[in-house]
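A.B. asks: Structure supplied as structure04.txt; contents: compact mmCIF, C-alpha atoms and all ligand atoms.
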```
# COMPACT_ATOMS: atom_id res chain seq x y z
CA MET A 1 0.00 0.00 0.00
CA THR A 2 1.29 3.47 -0.87
CA GLN A 3 2.13 5.66 2.06
CA SER A 4 1.31 9.35 2.29
CA PRO A 5 4.23 11.67 1.68
CA PHE A 6 5.84 13.42 4.66
CA THR A 7 4.72 17.03 4.20
CA PRO A 8 4.12 19.84 6.73
CA THR A 9 0.37 19.22 6.29
CA THR A 10 0.34 15.42 6.69
CA VAL A 11 2.69 15.54 9.67
CA ARG A 12 0.80 18.37 11.34
CA GLN A 13 -2.43 16.40 10.99
CA TYR A 14 -0.92 13.21 12.45
CA PRO A 15 -2.06 12.79 16.10
CA LYS A 16 1.17 13.55 17.97
CA ILE A 17 2.30 13.61 21.60
CA ASP A 18 4.96 15.77 23.24
CA LEU A 19 6.13 14.49 26.63
CA HIS A 20 9.13 16.80 27.06
CA CYS A 21 8.37 20.48 26.57
CA HIS A 22 9.61 23.11 29.03
CA LEU A 23 7.08 25.87 29.53
CA GLU A 24 9.80 28.51 30.05
CA GLY A 25 11.42 27.68 26.72
CA SER A 26 8.22 27.31 24.73
CA LEU A 27 6.07 30.45 25.07
CA SER A 28 4.95 32.12 21.87
CA LEU A 29 5.90 35.71 21.05
CA VAL A 30 2.20 36.66 21.23
CA ALA A 31 1.98 35.34 24.79
CA LEU A 32 5.26 36.98 25.81
CA ARG A 33 3.99 40.34 24.59
CA GLU A 34 0.76 39.84 26.50
CA MET A 35 2.71 38.87 29.63
CA ALA A 36 4.99 41.92 29.23
CA GLN A 37 1.93 44.18 29.23
CA VAL A 38 0.92 42.90 32.66
CA THR A 39 4.05 44.37 34.26
CA ALA A 40 4.68 47.07 31.60
CA THR A 41 7.99 45.39 30.77
CA PRO A 42 9.58 46.70 27.55
CA LEU A 43 10.31 44.15 24.79
CA PRO A 44 11.73 44.74 21.29
CA THR A 45 8.76 45.83 19.16
CA ASN A 46 9.99 43.95 16.11
CA ASP A 47 9.10 40.22 16.17
CA ASP A 48 12.25 39.16 14.32
CA ARG A 49 14.37 41.04 16.83
CA LEU A 50 12.51 39.45 19.76
CA GLN A 51 12.79 35.97 18.27
CA GLN A 52 16.50 36.54 17.69
CA LEU A 53 16.98 37.57 21.31
CA LEU A 54 15.40 34.32 22.51
CA THR A 55 16.53 31.75 19.96
CA THR A 56 19.62 29.63 20.36
CA THR A 57 21.69 28.34 17.51
CA ALA A 58 24.30 25.64 17.29
CA THR A 59 26.90 28.41 17.40
CA ASP A 60 26.09 29.53 20.95
CA PRO A 61 29.50 28.67 22.35
CA THR A 62 28.71 27.85 25.97
CA THR A 63 25.88 26.58 28.14
CA THR A 64 25.83 30.03 29.78
CA ASP A 65 25.14 31.63 26.39
CA TYR A 66 22.39 29.09 25.93
CA LEU A 67 20.83 29.68 29.35
CA LYS A 68 20.88 33.48 29.09
CA ARG A 69 18.15 33.16 26.44
CA PHE A 70 15.72 32.25 29.25
CA ARG A 71 16.31 35.36 31.38
CA PRO A 72 13.86 37.76 29.65
CA ILE A 73 11.19 35.03 29.66
CA ILE A 74 11.56 34.13 33.34
CA ASP A 75 11.25 37.84 34.20
CA LEU A 76 7.78 37.77 32.62
CA MET A 77 6.62 34.76 34.68
CA GLN A 78 6.25 36.44 38.07
CA THR A 79 2.53 37.16 38.53
CA THR A 80 -0.62 35.05 38.63
CA GLU A 81 -1.92 36.65 35.45
CA GLN A 82 1.34 36.07 33.56
CA LEU A 83 1.39 32.39 34.55
CA GLN A 84 -2.22 31.97 33.51
CA ILE A 85 -1.38 33.46 30.10
CA ALA A 86 1.62 31.09 29.87
CA GLY A 87 -0.47 28.02 30.69
CA PHE A 88 -3.15 28.97 28.17
CA ASP A 89 -0.52 29.66 25.51
CA ILE A 90 1.17 26.25 25.70
CA VAL A 91 -2.18 24.52 25.06
CA ARG A 92 -2.78 26.83 22.08
CA SER A 93 0.66 25.83 20.71
CA ALA A 94 -0.11 22.14 21.29
CA ALA A 95 -3.34 22.49 19.32
CA ALA A 96 -1.69 24.42 16.47
CA ASP A 97 0.96 21.67 16.22
CA GLY A 98 -1.67 18.89 15.92
CA LEU A 99 -0.95 17.28 19.30
CA ILE A 100 -3.49 15.07 21.04
CA TYR A 101 -1.69 15.22 24.40
CA MET A 102 1.20 17.10 26.02
CA GLU A 103 3.05 17.10 29.32
CA THR A 104 4.71 20.46 29.93
CA ARG A 105 7.58 20.84 32.38
CA SER A 106 7.54 23.79 34.68
CA THR A 107 10.11 24.97 37.25
CA PRO A 108 8.05 26.97 39.78
CA THR A 109 10.97 28.19 41.95
CA LEU A 110 11.80 30.43 38.98
CA TYR A 111 8.42 32.18 39.35
CA THR A 112 8.73 33.37 42.94
CA GLN A 113 11.04 36.38 42.52
CA GLY A 114 8.04 38.75 42.46
CA GLY A 115 6.56 37.44 45.71
CA LEU A 116 4.36 34.53 44.55
CA THR A 117 4.49 31.42 46.70
CA LEU A 118 5.21 28.05 45.06
CA GLU A 119 1.63 27.07 45.64
CA GLN A 120 0.25 30.24 44.03
CA ALA A 121 2.59 29.79 41.06
CA ILE A 122 1.54 26.18 40.41
CA GLU A 123 -2.12 27.05 40.90
CA ALA A 124 -1.91 29.92 38.37
CA LEU A 125 -0.17 27.76 35.80
CA LEU A 126 -2.75 24.98 36.18
CA SER A 127 -5.62 27.42 35.83
CA GLY A 128 -4.07 28.60 32.54
CA LEU A 129 -3.69 24.99 31.35
CA HIS A 130 -7.30 24.17 32.24
CA ALA A 131 -8.60 27.28 30.48
CA GLY A 132 -6.52 26.31 27.43
CA THR A 133 -7.85 22.75 27.41
CA LYS A 134 -11.40 24.09 27.65
CA THR A 135 -10.81 26.36 24.64
CA PHE A 136 -8.67 24.12 22.41
CA GLY A 137 -9.74 20.65 23.55
CA ILE A 138 -6.19 19.34 24.03
CA PRO A 139 -5.33 17.82 27.43
CA VAL A 140 -2.04 19.26 28.77
CA ASN A 141 -0.70 18.16 32.17
CA ALA A 142 2.25 19.52 34.15
CA ILE A 143 5.49 17.93 35.32
CA VAL A 144 6.94 20.02 38.15
CA CYS A 145 10.71 20.37 38.22
CA GLY A 146 13.08 20.97 41.11
CA ARG A 147 16.55 22.32 40.41
CA ARG A 148 19.52 20.00 40.75
CA GLU A 149 21.83 22.66 42.19
CA ARG A 150 19.49 23.58 45.06
CA SER A 151 19.33 22.06 48.55
CA LEU A 152 17.53 18.82 49.28
CA ALA A 153 15.23 20.82 51.59
CA GLU A 154 14.17 23.13 48.73
CA ILE A 155 13.72 20.25 46.27
CA SER A 156 11.62 18.29 48.80
CA THR A 157 9.43 21.35 49.40
CA VAL A 158 8.88 21.77 45.64
CA PHE A 159 7.94 18.09 45.28
CA LYS A 160 5.60 18.07 48.29
CA THR A 161 3.91 21.27 47.10
CA ALA A 162 3.53 19.83 43.59
CA ALA A 163 1.97 16.66 45.00
CA LYS A 164 -0.86 18.75 46.52
CA PHE A 165 -2.00 19.30 42.93
CA ALA A 166 -1.85 15.61 41.93
CA ASP A 167 -5.58 15.53 41.22
CA ARG A 168 -5.57 18.88 39.40
CA GLY A 169 -3.07 18.40 36.57
CA VAL A 170 0.36 17.81 38.12
CA VAL A 171 1.23 14.32 36.92
CA GLY A 172 4.98 13.95 37.52
CA LEU A 173 8.26 15.34 38.84
CA ASP A 174 11.73 16.05 37.42
CA LEU A 175 15.05 17.67 38.32
CA VAL A 176 16.51 20.18 35.85
CA GLY A 177 19.83 21.99 35.62
CA ASP A 178 23.45 21.05 35.27
CA GLU A 179 23.58 17.25 35.21
CA PHE A 180 27.35 17.28 34.81
CA ASP A 181 28.17 19.01 38.12
CA TYR A 182 25.08 17.58 39.84
CA PRO A 183 25.00 13.95 38.67
CA THR A 184 22.14 11.55 39.42
CA VAL A 185 24.18 9.70 42.05
CA ASP A 186 24.31 12.88 44.19
CA LEU A 187 20.54 13.33 43.83
CA ALA A 188 19.52 9.92 45.21
CA ASP A 189 17.88 11.48 48.28
CA ALA A 190 16.02 13.99 46.11
CA ILE A 191 14.75 11.13 43.92
CA ARG A 192 13.64 9.24 47.04
CA ALA A 193 11.82 12.41 48.14
CA ALA A 194 10.07 12.42 44.76
CA HIS A 195 9.06 8.75 45.12
CA ALA A 196 7.71 9.52 48.61
CA THR A 197 5.09 11.87 47.11
CA GLY A 198 3.62 9.03 45.03
CA LEU A 199 4.11 10.96 41.77
CA PRO A 200 6.20 9.32 39.02
CA ILE A 201 9.52 10.80 37.87
CA ALA A 202 10.82 11.74 34.42
CA LEU A 203 14.42 12.66 35.11
CA HIS A 204 16.84 14.57 32.87
CA ALA A 205 19.80 12.23 32.36
CA GLY A 206 22.29 11.47 29.62
CA GLU A 207 21.72 14.73 27.76
CA THR A 208 24.87 16.70 28.58
CA ALA A 209 26.50 14.16 30.92
CA PRO A 210 27.54 10.53 30.38
CA VAL A 211 25.48 7.33 30.48
CA ASP A 212 26.20 6.90 34.21
CA ASN A 213 23.42 9.36 35.01
CA ILE A 214 20.92 7.21 33.11
CA VAL A 215 22.09 3.96 34.71
CA VAL A 216 21.83 5.37 38.25
CA ALA A 217 18.39 6.80 37.44
CA MET A 218 17.20 3.37 36.29
CA THR A 219 18.50 1.71 39.45
CA LEU A 220 16.46 4.28 41.41
CA ASN A 221 13.29 3.23 39.53
CA VAL A 222 12.92 6.38 37.46
CA ALA A 223 10.16 5.66 34.93
CA ARG A 224 11.27 8.05 32.19
CA ILE A 225 14.59 9.54 31.13
CA GLY A 226 14.64 13.10 29.77
CA HIS A 227 16.78 13.07 26.59
CA GLY A 228 18.86 9.94 27.32
CA GLN A 229 20.72 9.85 24.00
CA ARG A 230 23.98 8.94 25.78
CA LEU A 231 22.58 5.47 26.40
CA ASN A 232 23.63 4.54 22.88
CA GLY A 233 26.68 2.29 22.67
CA PHE A 234 26.21 0.74 26.12
CA PRO A 235 24.49 -2.60 25.45
CA ALA A 236 23.97 -3.69 29.08
CA ALA A 237 22.39 -0.33 29.94
CA MET A 238 20.24 -0.51 26.80
CA ASP A 239 19.15 -4.05 27.78
CA ARG A 240 18.13 -2.77 31.18
CA ALA A 241 16.16 0.10 29.61
CA LYS A 242 14.40 -2.41 27.37
CA ARG A 243 13.63 -4.83 30.20
CA THR A 244 12.26 -2.09 32.46
CA LYS A 245 10.38 -0.42 29.56
CA THR A 246 12.01 2.90 30.47
CA THR A 247 10.76 5.73 28.26
CA LEU A 248 13.45 7.81 26.54
CA GLU A 249 12.37 11.38 25.76
CA THR A 250 14.77 12.37 22.99
CA CYS A 251 14.78 15.88 21.53
CA LEU A 252 16.42 16.75 18.23
CA THR A 253 17.04 20.43 17.51
CA SER A 254 17.42 21.69 21.07
CA SER A 255 19.98 18.97 21.83
CA HIS A 256 21.79 20.00 18.67
CA HIS A 257 21.78 23.64 19.84
CA SER A 258 22.95 22.89 23.35
CA THR A 259 25.89 21.17 21.60
CA THR A 260 25.08 17.81 23.12
CA LEU A 261 24.46 16.52 19.61
CA PRO A 262 27.12 18.01 17.36
CA ASP A 263 25.25 16.98 14.25
CA TYR A 264 21.73 15.88 13.33
CA PRO A 265 22.82 12.38 12.32
CA ASN A 266 24.09 11.78 15.86
CA LEU A 267 20.67 11.32 17.42
CA PRO A 268 20.58 7.51 17.87
CA LEU A 269 16.91 7.26 16.98
CA GLN A 270 17.21 4.32 14.60
CA ASP A 271 19.53 2.45 17.01
CA PHE A 272 17.02 2.90 19.83
CA LEU A 273 14.09 1.82 17.64
CA ALA A 274 16.02 -1.22 16.37
CA ALA A 275 16.87 -2.17 19.96
CA GLY A 276 13.15 -2.11 20.86
CA LEU A 277 13.55 0.73 23.35
CA LYS A 278 10.62 2.93 24.36
CA VAL A 279 11.98 5.95 22.53
CA THR A 280 9.90 9.08 21.90
CA VAL A 281 10.51 12.43 20.14
CA ASN A 282 9.81 15.74 21.77
CA THR A 283 10.49 19.46 21.38
CA ASN A 284 12.18 20.44 24.69
CA HIS A 285 12.09 24.22 23.95
CA ARG A 286 9.66 25.37 21.26
CA THR A 287 10.64 29.06 21.32
CA ILE A 288 14.27 28.88 22.40
CA ALA A 289 15.00 26.24 19.72
CA ASN A 290 12.39 27.76 17.35
CA VAL A 291 10.75 24.39 16.58
CA ASN A 292 7.50 22.49 16.91
CA LEU A 293 6.94 18.74 16.83
CA THR A 294 5.79 18.83 13.21
CA ASP A 295 9.14 20.37 12.19
CA GLU A 296 11.09 17.92 14.32
CA ILE A 297 9.37 14.93 12.72
CA LEU A 298 9.97 16.32 9.23
CA ALA A 299 13.65 16.76 10.14
CA LEU A 300 13.79 13.19 11.46
CA HIS A 301 12.29 11.99 8.19
CA THR A 302 14.96 13.90 6.24
CA HIS A 303 17.98 13.16 8.44
CA HIS A 304 17.05 9.78 9.99
CA HIS A 305 14.76 8.23 7.36
CA LEU A 306 11.86 8.12 9.81
CA ASP A 307 8.83 6.50 8.15
CA TRP A 308 5.13 6.35 9.09
CA PRO A 309 5.24 2.96 10.89
CA GLN A 310 8.14 4.30 12.97
CA LEU A 311 6.26 7.52 13.75
CA ARG A 312 3.36 5.34 14.87
CA GLN A 313 5.73 3.36 17.10
CA LEU A 314 7.18 6.56 18.63
CA THR A 315 3.65 7.81 19.30
CA LEU A 316 2.55 4.52 20.91
CA ASN A 317 5.72 4.61 23.04
CA ALA A 318 4.76 8.10 24.18
CA ILE A 319 1.28 6.89 25.13
CA ASP A 320 2.76 3.94 27.08
CA GLY A 321 5.06 6.34 28.95
CA ALA A 322 2.54 9.14 29.53
CA PHE A 323 1.71 9.85 33.16
CA LEU A 324 -1.99 9.07 32.63
CA PRO A 325 -4.54 6.53 33.87
CA ASP A 326 -5.03 3.47 31.62
CA ILE A 327 -8.43 4.66 30.44
CA ASP A 328 -6.95 7.92 29.08
CA LYS A 329 -4.14 5.99 27.40
CA ALA A 330 -6.69 3.71 25.71
CA ASN A 331 -8.50 6.80 24.45
CA LEU A 332 -5.27 8.22 22.99
CA ARG A 333 -4.37 4.86 21.37
CA SER A 334 -7.74 4.78 19.64
CA GLN A 335 -6.80 8.02 17.84
CA ILE A 336 -3.60 6.63 16.24
CA PRO A 337 -4.20 5.38 12.67
CA GLU A 338 -3.11 1.83 11.75
CA ASN A 339 -1.69 3.03 8.44
CA GLN A 340 -0.81 6.39 7.00
ZN ZN A 401 14.68 19.20 28.97
```
Go ahead and express the file in the form of structure tokens.
Ligand SMILES: [Zn+2]
C.D. replies:
Amino acid sequence: MTQSPFTPTTVRQYPKIDLHCHLEGSLSLVALREMAQVTATPLPTNDDRLQQLLTTTATDPTTTDYLKRFRPIIDLMQTTEQLQIAGFDIVRSAAADGLIYMETRSTPTLYTQGGLTLEQAIEALLSGLHAGTKTFGIPVNAIVCGRRERSLAEISTVFKTAAKFADRGVVGLDLVGDEFDYPTVDLADAIRAAHATGLPIALHAGETAPVDNIVVAMTLNVARIGHGQRLNGFPAAMDRAKRTKTTLETCLTSSHHSTTLPDYPNLPLQDFLAAGLKVTVNTNHRTIANVNLTDEILALHTHHHLDWPQLRQLTLNAIDGAFLPDIDKANLRSQIPENQ
């Protein structure tokens, strides 16, 4: 049977899932302008100039250069109204990209510099997500992130506060930040604190630092690995990931920009698929990397020969790994076509 061509239209229309999308890196220019109005914060009036200020490229020489792109965005995420706009906006982006489900990562300790409490920040974000789902019909849940470089006391507080919203849209936990200087092995107590809340964990590991971070995460029963491309080439670790059905949340362009993937062909997507791993594709940072999932899949088709049956497999893997009840997963599976 002839397959449909991979075009922006056919890929956009395919029912896709994004499990790894940081809110702070993924707000649209329209939303940022609206958020800037709330606090009368000046932004460049020209959209190209604003996009340029926020977008990374593979030539950003250091991680610091990369991270400075977030500063103007974080400054606009300090009031209830701004966080509601942000939550609404990410659902609008999910809908425009043809997603049927998204989990957005959010780091609420970044939103408290204007006086909001963690609880108020999470509440505001969730109210934006719920309003967005009501308008656009796409379910979007939140994964709340602690920061690796902060104290265990702070991380535990973030996780416990997040868990209060477990029945209102917070579905998982994560730790973000420098995984090289703050490796998984040093975060074992923080991961235990996450397990103690009863929420599942999707932990950044093996993006910028070696495979060790992934292996330790798996031994600590982490259900999903954020990025995880460094698993490639380590057969025993790959076997373990296969046996434990660990979800790998790979990201293409943003990993290329953060120089963790020097070239597009280095994403081990085909190796992971051939090994039967639960690999998925995600955006990471929609605005900072200037991508959406449709673009990423088109790029994977061009650079990695991704075909429709493989896209279906990636999507089913994402459903298996999603932090959702079985009934919601069954509903998502029913939307994935047998053939394309
Ligand atoms: Zn990430």
A.B. asks: Residues within 8 Å of ligand ZN 401 (chain A) (only C-alpha atoms and all ligand atoms), as a VMD selection string?
C.D. replies: chain A and resid 20 to 22 176 204 226 to 227 284 to 285
A.B. asks: Rank A:Leu53, A:Leu273, A:Leu118, A:Ile155 by their smallest atom-to-atom distance to Asp307 in chain A, using only C-alpha atoms, and report the top residue only.
C.D. replies: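 Smallest separation from Asp307 in chain A among the options: A:Leu273.
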A.B. asks: I need the residue nearest Lys68 in chain A from this list: A:Ala330, A:Ile288, A:Ile122, A:Leu231. Use all atoms listed in the file for the distance.
C.D. replies: A:Ile288
A.B. asks: Go through A:Thr161, A:Asn331, A:Thr135, A:Thr294 and flag the residue nearest Pro8 in chain A, using only C-alpha atoms for the distances.
C.D. replies: A:Thr294
A.B. asks: With distances taken over all atoms listed in the file, which of A:Ser334, A:Thr280, A:Ser93, A:Ser156 is nearest to Gly132 in chain A?
C.D. replies: A:Ser93
A.B. asks: Neighbouring residues of Lys160 in chain A were defined as those with any atom within 10 Å, considering all atoms listed in the file; residues of the same chain fewer than 4 positions away were excluded. Please report them as a PyMOL selection string.
C.D. replies: chain A and resi 154-156+164-165+193-194+196-199
A.B. asks: Smallest atom-to-atom distance to Met238 in chain A: which of A:Gln84, A:Ala275, A:Leu267, A:Thr315, using only C-alpha atoms?
C.D. replies: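 Closest to Met238 in chain A of all the choices is A:Ala275.
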A.B. asks: Would you mind reading off the distance between CA of Tyr111 in chain A and CA of Ser28 in chain A, one decimal, in Å?
C.D. replies: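 So the answer is 17.8 Å.
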A.B. asks: Could you tell me how far CA of Gln82 in chain A sits from CA of Val281 in chain A, in Å to one decimal place?
C.D. replies: 28.7 Å
A.B. asks: Quote the spacing between CA of Phe159 in chain A and CA of Ile73 in chain A in Å to one decimal place.
C.D. replies: 23.3 Å
A.B. asks: Could you check the closest approach to Phe323 in chain A for each of A:Gln78, A:Ser255, A:Thr283, A:Thr247 and tell me which residue wins, using all atoms listed in the file?
C.D. replies: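 Of A:Gln78, A:Ser255, A:Thr283, A:Thr247, the one nearest Phe323 in chain A, counting all atoms listed in the file, is A:Thr247.
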